[in-house]
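Some notes on the structure that comes next.
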Amino acid sequence: MLDTGTSRRRAALLIVLITGTIVYAQQQDRPVPPPGIAVSEGDRKELEAGLTRLSESIKSLARNALLPDVQIFRDAVHYALTYNEFFDPPDIPKAKVLLAEGQKRADHLQRGEAPWTTATGLVVRGYVSEIDGSVQPYGLVIPPSYDPRLPRRWRVDAWFHGRAEKLSEVNFLSERMAQPGQFTPRDTIVLHLYGRYCNANKFAGEMDLFEALAAVRRQYPVDDNRLLARGFSMGGAAVWHIAAHYPGTWAAAAPGAGFSESAEFLQLSREKTPPPEWEQTLWRMYDATVYAANFTNLPLVAYSGEIDGQKQAADLMSKYLEKEGIPMTHIIGPETPHRYHPASKIEIDRRLDAIAALGRDPFPRRVKFVTYTLRYNRSKWIVVDGLEKHWEKAQVEATVHNQGSLRISTSNVSSLTIDYDPGGAPVELVGKAMIEIDGAKLEATGPASDRSWRLHLARTNGKWAIAIARPTGLVKRHGLQGPIDDAFMSSFLFVLPGKAPSGDAGKRIAEETQRAIREWRRQFRGEARVKKDSEVTDEDIANHGLILWGDPASNSVMGRLVGKLPLEWSGPRLAIKGKQYDAATHYPILIYPNPLNINRYVVLNSGFTFREYDYLNNARQISKLPDWAVIDVTTPANGRYPGNVKDAGFFDEKWH
């Protein structure tokens, strides 16, 4: 028989789980973000006047490097007013405060002043994203001890926020100007990430971390060996994935609640029709569970409330970590639902402060790294440059042995780099370095005089050898490995057809084009770059991935490229992978290295691939299509797919 306390805790947990299921079932069709409220004529005129004035000030400051710190206020109010994103009555006075603050900063810059750059306390700032040219906000908590004149570098804790479907830029900035957040460790800069809204820091939300962190590095002296990843709920899920996929970046990771994978969290085994095989394969992109070995080199302090349904994330990770021989530190708030227990917060900080005091070890003697895709290819001084087969488990275990020799074992890896920054190389400066890899013994040139060392290794016909460089040409490599959604993690340009594409397929493509532009702004909070095919320049081809819409007859850029892509598409004929389709009712979706610039992508007829159904649960916001697909438009588009997916699959490591 259970004791009363245990019975009560289990009953509470059951209520949480059941309630969540009922609410979810009732809200299948709600839009994300929700529609806004009406804005009175008086408020609208006041906001528009403030926007006009601030926009004029911004124009006069066009060359000022600190301009993003002003633009965040203008853009926040512009988005809310233009796209009906004032969600509650208090949002409107918040917007007026933001416009006043933006104008105040603009006036400071006109006088050659920027007091917020040296201020302590709560500070909001912005950066220009490489992905779409948008200005993205971030919040900072600058400790009272901060002084830019001090000869020191500062610990930075990156904080990932929870799910909030009304977290417009207006609400994010207002919150970051008023609330320090859950944790404010002593002598620590806390970086509050917007993460491009509500996507659990995936895709462009993932890149937001690194772009915001780069912006902080430009403005503040950051200690790269004392970076910590922290977050709760959706933010806890973000930490699970960010830590597991970038283990060499952090001194420690502290996820709270959230989810750590998709299938078990969503209970997909209960669905009558399981997701397609390619979609299940793509779970290996964001699931943290299958990357558990990467915590070998990353200290981890997990937190859960005892009666929180999202305790499932840490419990499941614990099982996967046990398989790797890693007993997980799991702080559990007693009889606590979905929040931090006060005593647990003290204990979490105690442990993290101790780890941060020691700092990250950038050059450990042993590195163990697992990946399934070259999007995630590095831990410490090991860089995976090539896989034998994507989406299968690839592993490297590398150890520094006596006199600095290296012993490396690999599986499913075709090329890698040993990469030590200055001061890090473990081998002697004079003479040859000895490397044993999968039983083969190699002699290599040792490090440079600054003790930096970069050595490339490649396996050909089963034999490892020293290589001159990383793989190049038409091969899958980091940042050019697919799937389709990967194109939206770096700079991209939508290229529209010069005339309407033909047939029912052409109508669907036109609808999907407008949807992709609209949903990029709604879900990833930026205006996509858009040009007509006739406007595309050599500079565009050099600087952006090209997202081509239409067909070869309607889009002149697509017409130039289609003969160099792995499909046949001309008039009524569409063929891919040896199968033929009627082009009047079918169209291809595809990602491939651009034949005009092999270092950038070209994508045919697709934005990011998760859709309205997936907006309702962050664990579903994962890639829904692989490297290529054929869409049958005789089936209507819906909240899951742009039509009936007749076939889909992955290209191999040489894009065949």
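Letters A, B, ... go to the chains of the structure tokens in the order shown; residues in each chain start at 1; ligands are counted from 1 in the same order.
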- Identify, on the basis of only C-alpha atoms, every residue whose closest approach to His241 (chain A) does not exceed 8 Å; exclude the query and any residue fewer than 3 positions from it along the same chain; express the result as a PyMOL selection string. chain A and resi 237-238+244-245+260+286-288
Selected residues written out with C-alpha atoms, as a PDB file, in the first residue's frame:
```pdb
ATOM      1  CA  ALA A 237      13.891  21.311 -23.541  1.00  0.00           C
ATOM      2  CA  ALA A 238      16.079  23.842 -25.334  1.00  0.00           C
ATOM      3  CA  ALA A 244      23.666  17.480 -26.126  1.00  0.00           C
ATOM      4  CA  HIS A 245      24.440  18.851 -29.594  1.00  0.00           C
ATOM      5  CA  SER A 260      14.322  15.609 -24.204  1.00  0.00           C
ATOM      6  CA  TYR A 286      16.841  16.989 -32.177  1.00  0.00           C
ATOM      7  CA  ASP A 287      16.356  14.116 -29.716  1.00  0.00           C
ATOM      8  CA  ALA A 288      18.862  14.589 -26.875  1.00  0.00           C
TER       9      ALA A 288
END
```
- Test item: residues at most 10 Å from region 646-652 of chain A, only C-alpha atoms, excluding those fewer than 5 positions along its chain, as a PyMOL selection string: chain A and resi 276-279+387-391+475-476+481-483+566+576-577+579+581+586+588-592+625-633
- Task: Pick out the closest residue to Pro364 (chain A) from this set: A:Ala469, A:Ile332, A:Val400, A:Ile346. Count only C-alpha atoms.
- Result: A:Val400
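In this model, the gap between CA of Gln403 (chain A) and CA of Lys463 (chain A) comes to 24.9 Å.
You can rank A:Ile92, A:Leu191, A:Ala106, A:Leu122 by their closest distance to Val170 (chain A) using only C-alpha atoms, and at the top of that list sits A:Ile92.
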- When you draw a straight line from CA of Ala119 (chain A) to CA of Glu169 (chain A), how long is it in Å? 21.9 Å
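Of the listed residues A:His341, A:Arg351, A:His161, A:Arg74, the one whose atoms come nearest to Val239 (chain A) is A:His161, with distances taken using only C-alpha atoms.
Separating CA of Gly498 (chain A) from CA of Val536 (chain A) is a distance of 11.4 Å.
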- Message: I'd like the contact shell of Ser145 (chain A) - 12 Å cut-off, only C-alpha atoms, skipping same-chain residues fewer than 4 positions apart - returned as a list in words.
- Response: Thr118, Ala119, Thr120, Gly121, Val141, Arg149, Leu150, Arg152, Arg153, Trp154, Pro185, Arg186, Asp187, Thr188 and Ile189 of chain A
